[in-house]
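Source file coords17.cif; content: mmCIF, C-alpha atoms; chains and numbers go by the auth columns.
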data_run
#
loop_
_atom_site.group_PDB
_atom_site.id
_atom_site.type_symbol
_atom_site.label_atom_id
_atom_site.label_comp_id
_atom_site.label_asym_id
_atom_site.label_seq_id
_atom_site.Cartn_x
_atom_site.Cartn_y
_atom_site.Cartn_z
_atom_site.B_iso_or_equiv
_atom_site.auth_seq_id
_atom_site.auth_asym_id
ATOM 1 C CA ASP A 1 39.736 10.350 -33.983 0.00 1 A
ATOM 2 C CA ASN A 2 42.878 9.882 -31.899 0.00 2 A
ATOM 3 C CA SER A 3 41.159 10.374 -28.517 0.00 3 A
ATOM 4 C CA PHE A 4 38.261 7.881 -28.629 0.00 4 A
ATOM 5 C CA SER A 5 36.076 5.687 -30.774 0.00 5 A
ATOM 6 C CA GLN A 6 32.655 4.338 -29.932 0.00 6 A
ATOM 7 C CA ILE A 7 29.758 2.127 -30.882 0.00 7 A
ATOM 8 C CA VAL A 8 26.416 3.780 -30.137 0.00 8 A
ATOM 9 C CA LEU A 9 23.294 1.669 -29.706 0.00 9 A
ATOM 10 C CA ARG A 10 20.145 3.667 -30.560 0.00 10 A
ATOM 11 C CA HIS A 11 16.472 3.013 -29.933 0.00 11 A
ATOM 12 C CA ARG A 12 14.699 2.430 -33.226 0.00 12 A
ATOM 13 C CA THR A 13 11.582 4.489 -32.495 0.00 13 A
ATOM 14 C CA SER A 14 13.145 7.517 -30.771 0.00 14 A
ATOM 15 C CA ASN A 15 16.578 7.465 -32.397 0.00 15 A
ATOM 16 C CA GLN A 16 18.029 8.155 -28.934 0.00 16 A
ATOM 17 C CA SER A 17 21.068 6.256 -27.807 0.00 17 A
ATOM 18 C CA GLY A 18 20.538 3.679 -25.083 0.00 18 A
ATOM 19 C CA ALA A 19 24.125 2.585 -24.544 0.00 19 A
ATOM 20 C CA ARG A 20 27.630 3.170 -25.789 0.00 20 A
ATOM 21 C CA ILE A 21 30.795 1.119 -25.935 0.00 21 A
ATOM 22 C CA VAL A 22 33.649 3.604 -25.874 0.00 22 A
ATOM 23 C CA SER A 23 37.374 3.099 -26.292 0.00 23 A
ATOM 24 C CA ALA A 24 39.097 6.166 -24.848 0.00 24 A
ATOM 25 C CA THR A 25 42.812 6.751 -25.295 0.00 25 A
ATOM 26 C CA SER A 26 44.503 7.408 -21.950 0.00 26 A
ATOM 27 C CA ALA A 27 48.121 7.500 -23.198 0.00 27 A
ATOM 28 C CA ALA A 28 50.168 6.540 -26.250 0.00 28 A
ATOM 29 C CA ASN A 29 49.136 3.066 -27.471 0.00 29 A
ATOM 30 C CA THR A 30 46.774 2.445 -24.508 0.00 30 A
ATOM 31 C CA ALA A 31 43.029 2.782 -24.137 0.00 31 A
ATOM 32 C CA ASP A 32 40.251 2.194 -21.630 0.00 32 A
ATOM 33 C CA LEU A 33 37.138 0.308 -22.673 0.00 33 A
ATOM 34 C CA ASN A 34 33.959 1.760 -21.189 0.00 34 A
ATOM 35 C CA LEU A 35 30.354 0.605 -21.155 0.00 35 A
ATOM 36 C CA ILE A 36 28.137 3.661 -20.848 0.00 36 A
ATOM 37 C CA VAL A 37 24.384 3.449 -20.281 0.00 37 A
ATOM 38 C CA GLU A 38 22.001 6.321 -20.847 0.00 38 A
ATOM 39 C CA ASP A 39 18.856 7.425 -19.070 0.00 39 A
ATOM 40 C CA GLY A 40 17.301 10.235 -21.062 0.00 40 A
ATOM 41 C CA ASN A 41 20.066 12.788 -21.552 0.00 41 A
ATOM 42 C CA THR A 42 22.224 11.443 -18.701 0.00 42 A
ATOM 43 C CA MET A 43 25.185 9.191 -19.513 0.00 43 A
ATOM 44 C CA VAL A 44 26.543 6.921 -16.759 0.00 44 A
ATOM 45 C CA LYS A 45 29.834 5.042 -16.992 0.00 45 A
ATOM 46 C CA ALA A 46 28.745 1.598 -15.761 0.00 46 A
ATOM 47 C CA ILE A 47 31.935 -0.394 -16.379 0.00 47 A
ATOM 48 C CA GLN A 48 35.496 0.682 -17.168 0.00 48 A
ATOM 49 C CA ILE A 49 38.268 -1.711 -18.136 0.00 49 A
ATOM 50 C CA ASP A 50 41.693 -0.101 -17.977 0.00 50 A
ATOM 51 C CA PRO A 51 44.645 -1.085 -20.205 0.00 51 A
ATOM 52 C CA SER A 52 45.925 -3.608 -17.630 0.00 52 A
ATOM 53 C CA GLY A 53 42.564 -5.412 -17.638 0.00 53 A
ATOM 54 C CA GLU A 54 41.357 -4.138 -14.246 0.00 54 A
ATOM 55 C CA VAL A 55 37.583 -3.664 -14.071 0.00 55 A
ATOM 56 C CA ILE A 56 36.134 -0.650 -12.275 0.00 56 A
ATOM 57 C CA MET A 57 32.426 -0.425 -11.489 0.00 57 A
ATOM 58 C CA ALA A 58 32.106 2.939 -9.738 0.00 58 A
ATOM 59 C CA LYS A 59 28.311 2.665 -9.468 0.00 59 A
ATOM 60 C CA GLN A 60 28.290 -0.849 -7.955 0.00 60 A
ATOM 61 C CA PRO A 61 26.555 -0.676 -4.526 0.00 61 A
ATOM 62 C CA ALA A 62 29.068 -1.039 -1.678 0.00 62 A
ATOM 63 C CA PHE A 63 29.313 0.209 1.895 0.00 63 A
ATOM 64 C CA LEU A 64 31.382 0.133 5.083 0.00 64 A
ATOM 65 C CA ALA A 65 29.980 1.462 8.367 0.00 65 A
ATOM 66 C CA ARG A 66 31.268 1.601 11.952 0.00 66 A
ATOM 67 C CA PRO A 67 29.701 2.518 15.286 0.00 67 A
ATOM 68 C CA SER A 68 30.153 6.209 16.065 0.00 68 A
ATOM 69 C CA SER A 69 30.221 5.406 19.794 0.00 69 A
ATOM 70 C CA GLN A 70 30.313 2.355 22.048 0.00 70 A
ATOM 71 C CA GLN A 71 26.992 0.564 22.520 0.00 71 A
ATOM 72 C CA SER A 72 27.159 -0.374 26.225 0.00 72 A
ATOM 73 C CA ASP A 73 25.415 -2.921 28.446 0.00 73 A
ATOM 74 C CA ILE A 74 23.466 -4.638 25.660 0.00 74 A
ATOM 75 C CA ALA A 75 20.080 -5.798 26.956 0.00 75 A
ATOM 76 C CA ILE A 76 19.635 -9.548 27.406 0.00 76 A
ATOM 77 C CA ASN A 77 17.021 -11.944 26.008 0.00 77 A
ATOM 78 C CA ASN A 78 16.210 -9.624 23.069 0.00 78 A
ATOM 79 C CA TYR A 79 17.603 -9.056 19.601 0.00 79 A
ATOM 80 C CA ILE A 80 19.331 -5.678 19.855 0.00 80 A
ATOM 81 C CA THR A 81 20.099 -3.894 16.582 0.00 81 A
ATOM 82 C CA ILE A 82 23.710 -2.738 16.418 0.00 82 A
ATOM 83 C CA ALA A 83 24.095 0.985 15.726 0.00 83 A
ATOM 84 C CA PHE A 84 26.481 1.771 12.876 0.00 84 A
ATOM 85 C CA GLY A 85 26.440 5.570 12.917 0.00 85 A
ATOM 86 C CA THR A 86 29.570 6.335 10.886 0.00 86 A
ATOM 87 C CA GLU A 87 29.717 5.618 7.168 0.00 87 A
ATOM 88 C CA VAL A 88 33.290 5.082 5.995 0.00 88 A
ATOM 89 C CA TYR A 89 31.934 4.903 2.439 0.00 89 A
ATOM 90 C CA ASP A 90 28.538 4.346 0.868 0.00 90 A
ATOM 91 C CA GLN A 91 28.838 3.900 -2.874 0.00 91 A
ATOM 92 C CA GLY A 92 25.315 4.355 -4.185 0.00 92 A
ATOM 93 C CA GLY A 93 23.868 5.950 -1.033 0.00 93 A
ATOM 94 C CA ASN A 94 22.040 2.820 0.172 0.00 94 A
ATOM 95 C CA PHE A 95 23.099 2.778 3.855 0.00 95 A
ATOM 96 C CA ALA A 96 21.107 4.724 6.474 0.00 96 A
ATOM 97 C CA SER A 97 19.751 4.250 10.006 0.00 97 A
ATOM 98 C CA ASN A 98 21.931 1.171 10.721 0.00 98 A
ATOM 99 C CA ALA A 99 20.603 -0.649 7.636 0.00 99 A
ATOM 100 C CA PHE A 100 21.698 -1.315 4.074 0.00 100 A
ATOM 101 C CA THR A 101 18.820 -1.304 1.575 0.00 101 A
ATOM 102 C CA ALA A 102 19.335 -3.300 -1.611 0.00 102 A
ATOM 103 C CA PRO A 103 18.828 -1.042 -4.649 0.00 103 A
ATOM 104 C CA VAL A 104 18.339 -4.023 -6.991 0.00 104 A
ATOM 105 C CA THR A 105 17.579 -7.725 -6.653 0.00 105 A
ATOM 106 C CA GLY A 106 20.751 -9.790 -6.440 0.00 106 A
ATOM 107 C CA LYS A 107 23.290 -11.594 -4.286 0.00 107 A
ATOM 108 C CA TYR A 108 25.033 -9.394 -1.720 0.00 108 A
ATOM 109 C CA GLN A 109 28.244 -10.214 0.119 0.00 109 A
ATOM 110 C CA LEU A 110 27.708 -9.073 3.737 0.00 110 A
ATOM 111 C CA ASN A 111 30.437 -8.988 6.399 0.00 111 A
ATOM 112 C CA VAL A 112 30.252 -8.170 10.105 0.00 112 A
ATOM 113 C CA SER A 113 32.955 -7.905 12.734 0.00 113 A
ATOM 114 C CA LEU A 114 31.839 -6.999 16.251 0.00 114 A
ATOM 115 C CA ALA A 115 34.520 -6.094 18.778 0.00 115 A
ATOM 116 C CA LEU A 116 32.957 -7.009 22.135 0.00 116 A
ATOM 117 C CA THR A 117 34.083 -6.344 25.689 0.00 117 A
ATOM 118 C CA ASP A 118 32.881 -7.532 29.107 0.00 118 A
ATOM 119 C CA PHE A 119 30.743 -10.465 28.021 0.00 119 A
ATOM 120 C CA ASP A 120 29.196 -12.518 30.810 0.00 120 A
ATOM 121 C CA SER A 121 30.255 -16.153 31.233 0.00 121 A
ATOM 122 C CA ALA A 122 26.902 -16.822 32.967 0.00 122 A
ATOM 123 C CA ALA A 123 25.033 -16.260 29.691 0.00 123 A
ATOM 124 C CA ALA A 124 23.826 -19.446 27.990 0.00 124 A
ATOM 125 C CA TYR A 125 25.035 -18.179 24.591 0.00 125 A
ATOM 126 C CA ILE A 126 25.574 -15.078 22.473 0.00 126 A
ATOM 127 C CA LEU A 127 24.180 -14.928 18.957 0.00 127 A
ATOM 128 C CA LEU A 128 25.160 -12.598 16.105 0.00 128 A
ATOM 129 C CA ARG A 129 22.447 -12.216 13.467 0.00 129 A
ATOM 130 C CA ILE A 130 22.620 -10.833 9.947 0.00 130 A
ATOM 131 C CA ASP A 131 18.927 -10.069 9.547 0.00 131 A
ATOM 132 C CA THR A 132 17.443 -9.987 6.028 0.00 132 A
ATOM 133 C CA PRO A 133 13.744 -10.239 5.065 0.00 133 A
ATOM 134 C CA ASN A 134 14.339 -13.502 3.168 0.00 134 A
ATOM 135 C CA ARG A 135 16.087 -15.280 6.068 0.00 135 A
ATOM 136 C CA ASN A 136 18.272 -14.794 9.120 0.00 136 A
ATOM 137 C CA TYR A 137 21.929 -15.790 9.197 0.00 137 A
ATOM 138 C CA ASP A 138 22.814 -16.702 12.784 0.00 138 A
ATOM 139 C CA HIS A 139 26.267 -17.260 14.256 0.00 139 A
ATOM 140 C CA ILE A 140 26.395 -18.476 17.837 0.00 140 A
ATOM 141 C CA ILE A 141 28.968 -18.989 20.567 0.00 141 A
ATOM 142 C CA ASP A 142 28.812 -20.520 24.034 0.00 142 A
ATOM 143 C CA GLN A 143 31.357 -18.322 25.795 0.00 143 A
ATOM 144 C CA ASP A 144 31.604 -20.349 29.020 0.00 144 A
ATOM 145 C CA PHE A 145 35.291 -19.804 29.755 0.00 145 A
ATOM 146 C CA GLY A 146 34.865 -20.086 33.535 0.00 146 A
ATOM 147 C CA GLN A 147 35.112 -16.315 33.904 0.00 147 A
ATOM 148 C CA ASP A 148 33.810 -13.167 32.209 0.00 148 A
ATOM 149 C CA GLY A 149 35.553 -12.396 28.934 0.00 149 A
ATOM 150 C CA ALA A 150 37.383 -9.110 28.546 0.00 150 A
ATOM 151 C CA TYR A 151 37.559 -9.105 24.720 0.00 151 A
ATOM 152 C CA TRP A 152 35.989 -11.071 21.891 0.00 152 A
ATOM 153 C CA ASN A 153 35.864 -10.458 18.150 0.00 153 A
ATOM 154 C CA PHE A 154 32.689 -11.945 16.680 0.00 154 A
ATOM 155 C CA LYS A 155 32.794 -12.282 12.867 0.00 155 A
ATOM 156 C CA ALA A 156 30.234 -13.398 10.321 0.00 156 A
ATOM 157 C CA SER A 157 29.831 -13.255 6.566 0.00 157 A
ATOM 158 C CA VAL A 158 27.327 -14.521 4.036 0.00 158 A
ATOM 159 C CA LEU A 159 26.437 -14.241 0.360 0.00 159 A
ATOM 160 C CA ALA A 160 22.765 -13.341 0.853 0.00 160 A
ATOM 161 C CA ASP A 161 19.964 -13.130 -1.671 0.00 161 A
ATOM 162 C CA MET A 162 18.085 -9.850 -1.390 0.00 162 A
ATOM 163 C CA ASP A 163 15.272 -8.309 -3.385 0.00 163 A
ATOM 164 C CA ALA A 164 15.176 -4.650 -4.369 0.00 164 A
ATOM 165 C CA SER A 165 14.173 -2.366 -1.451 0.00 165 A
ATOM 166 C CA GLU A 166 14.869 -5.017 1.208 0.00 166 A
ATOM 167 C CA ALA A 167 16.995 -3.899 4.161 0.00 167 A
ATOM 168 C CA VAL A 168 19.601 -5.799 6.172 0.00 168 A
ATOM 169 C CA THR A 169 20.648 -5.045 9.747 0.00 169 A
ATOM 170 C CA VAL A 170 22.911 -6.644 12.350 0.00 170 A
ATOM 171 C CA ALA A 171 21.646 -7.729 15.767 0.00 171 A
ATOM 172 C CA LEU A 172 23.131 -9.261 18.920 0.00 172 A
ATOM 173 C CA TYR A 173 21.270 -11.577 21.292 0.00 173 A
ATOM 174 C CA GLN A 174 22.488 -12.658 24.735 0.00 174 A
ATOM 175 C CA SER A 175 20.572 -15.495 26.398 0.00 175 A
ATOM 176 C CA GLY A 176 20.528 -15.006 30.173 0.00 176 A
ATOM 177 C CA GLY A 177 23.283 -13.612 32.338 0.00 177 A
ATOM 178 C CA THR A 178 23.862 -9.938 33.028 0.00 178 A
ATOM 179 C CA ALA A 179 23.430 -7.042 30.595 0.00 179 A
ATOM 180 C CA GLN A 180 27.078 -5.979 30.557 0.00 180 A
ATOM 181 C CA ILE A 181 28.400 -6.721 27.070 0.00 181 A
ATOM 182 C CA ASN A 182 29.647 -3.753 25.016 0.00 182 A
ATOM 183 C CA VAL A 183 29.994 -3.295 21.256 0.00 183 A
ATOM 184 C CA THR A 184 33.028 -1.064 20.661 0.00 184 A
ATOM 185 C CA THR A 185 33.838 1.347 17.848 0.00 185 A
ATOM 186 C CA ASP A 186 36.351 -1.167 16.442 0.00 186 A
ATOM 187 C CA SER A 187 33.346 -3.033 14.979 0.00 187 A
ATOM 188 C CA HIS A 188 32.297 -2.757 11.337 0.00 188 A
ATOM 189 C CA PHE A 189 29.599 -3.821 8.869 0.00 189 A
ATOM 190 C CA SER A 190 30.264 -3.963 5.132 0.00 190 A
ATOM 191 C CA GLY A 191 28.769 -5.305 1.946 0.00 191 A
ATOM 192 C CA PHE A 192 28.515 -5.075 -1.833 0.00 192 A
ATOM 193 C CA LEU A 193 26.462 -6.334 -4.746 0.00 193 A
ATOM 194 C CA ALA A 194 28.323 -9.449 -5.920 0.00 194 A
ATOM 195 C CA CYS A 195 26.075 -10.666 -8.732 0.00 195 A
#

As structure tokens, how would this structure be written, given the file I've shared?
Amino acid sequence: DNSFSQIVLRHRTSNQSGARIVSATSAANTADLNLIVEDGNTMVKAIQIDPSGEVIMAKQPAFLARPSSQQSDIAINNYITIAFGTEVYDQGGNFASNAFTAPVTGKYQLNVSLALTDFDSAAAYILLRIDTPNRNYDHIIDQDFGQDGAYWNFKASVLADMDASEAVTVALYQSGGTAQINVTTDSHFSGFLAC
């Protein structure tokens, strides 16, 4: 009809549809193209391509989290997990307890930005770790500026391979010095399933 047309793919034995390709009219002479998958009687729009060619994947896992309060005086000589208590968004519901858990096996783009204050110049180094079960991704600085640093923005990103049900967290390690570094609420941790 004038509102949509579709191709329905059915299972041979059950005669139930397994997927649909739908062209839905959104305005005169324009249409979205949608890939819809089905699980039992539930239809899920997996991919939508709008008339301008933009692709929307509303079910693609993605998250952005921030600390809900400052994490003060980080202990030294230990990997300290950074607390990200505020979810800005969590598409798919895979972020909880400071960790993102991969819902499916794939490559995940992970990004961290830690806004630090009061780091100790007497420390040998400070290390930021993106911690996955398959491997650790370490980023290190030797912050010997001749005096304590008031502010530092520590950034890291990686395209990490993760298996389904594996969790990733962010940790900070300070070697030596005084436990005085703070992780402020201007920090954030984000990621999404890339492929």

Legend entry - Explicit residues for the PyMOL selection byres ((chain A and resi 160) around 6) (as number ranges by chain): A: 107-108, 158-159, 161

Legend entry - Phe189 in chain A environment, 6 Å, all atoms listed in the file, sequence neighbours closer than 3 positions dropped, as a VMD selection string: chain A and resid 64 to 65 111 to 112

Inset, instruction - Please write the residues picked by the PyMOL selection byres ((chain A and resi 83-86) around 12) on this file as JSON, numbers by chain. - result: {"A": [63, 64, 65, 66, 67, 68, 69, 70, 71, 72, 74, 80, 81, 82, 87, 88, 89, 90, 95, 96, 97, 98, 99, 100, 112, 113, 114, 169, 170, 171, 172, 182, 183, 184, 185, 186, 187, 188, 189, 190]}

Inset, instruction - Give me, please, the distance in Å between CA of Val37 in chain A and CA of Asp50 in chain A, quoted to one decimal. - result: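 According to the coordinates, CA of Val37 in chain A and CA of Asp50 in chain A are separated by 17.8 Å.
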
Inset, instruction - Select, from A:Ile130, A:Ala31, A:Leu193, A:Asn94, the residue with the minimum atom-to-atom distance to Gln109 in chain A, counting only C-alpha atoms. - result: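 Of A:Ile130, A:Ala31, A:Leu193, A:Asn94, the one nearest Gln109 in chain A is A:Leu193, counting only C-alpha atoms.
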
For Val8 in chain A, work out the shell of residues within 10 Å, counting only C-alpha atoms and skipping chain neighbours fewer than 3 positions away, then give it as a PDB file with C-alpha atoms, keeping the file's coordinate frame.
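Contents of around-v2.pdb, as written:
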ATOM      1  CA  SER A   5      36.076   5.687 -30.774  1.00  0.00           C
ATOM      2  CA  HIS A  11      16.472   3.013 -29.933  1.00  0.00           C
ATOM      3  CA  GLN A  16      18.029   8.155 -28.934  1.00  0.00           C
ATOM      4  CA  SER A  17      21.068   6.256 -27.807  1.00  0.00           C
ATOM      5  CA  GLY A  18      20.538   3.679 -25.083  1.00  0.00           C
ATOM      6  CA  ALA A  19      24.125   2.585 -24.544  1.00  0.00           C
ATOM      7  CA  ARG A  20      27.630   3.170 -25.789  1.00  0.00           C
ATOM      8  CA  ILE A  21      30.795   1.119 -25.935  1.00  0.00           C
ATOM      9  CA  VAL A  22      33.649   3.604 -25.874  1.00  0.00           C
ATOM     10  CA  ILE A  36      28.137   3.661 -20.848  1.00  0.00           C
TER      11      ILE A  36
END

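CA of Asn153 in chain A lies 26.4 Å from CA of Gln91 in chain A.
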
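Going from CA of Gly53 in chain A to CA of Ala102 in chain A covers 28.3 Å.
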
Inset, instruction - Measuring atom to atom with only C-alpha atoms, identify which of A:Leu116, A:Ile76, A:Glu38, A:His139 is nearest to Tyr151 in chain A. - result: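 Selected residue with least distance to Tyr151 in chain A: A:Leu116.
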
Inset, instruction - Apply the PyMOL selection byres ((chain A and resi 138) around 6) to the displayed file and report the matching residues as a VMD selection string. - result: chain A and resid 128 to 129 137 139

Legend entry - Residue among A:Gln48, A:Thr13, A:Gln174, A:Gln60 lying closest to Ala122 in chain A, counting all atoms listed in the file: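 Smallest separation from Ala122 in chain A among the options: A:Gln174.
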
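Counting all atoms listed in the file, the residue from A:Thr132, A:Thr42, A:Ser121, A:Thr105 that sits nearest to Cys195 in chain A is A:Thr105.
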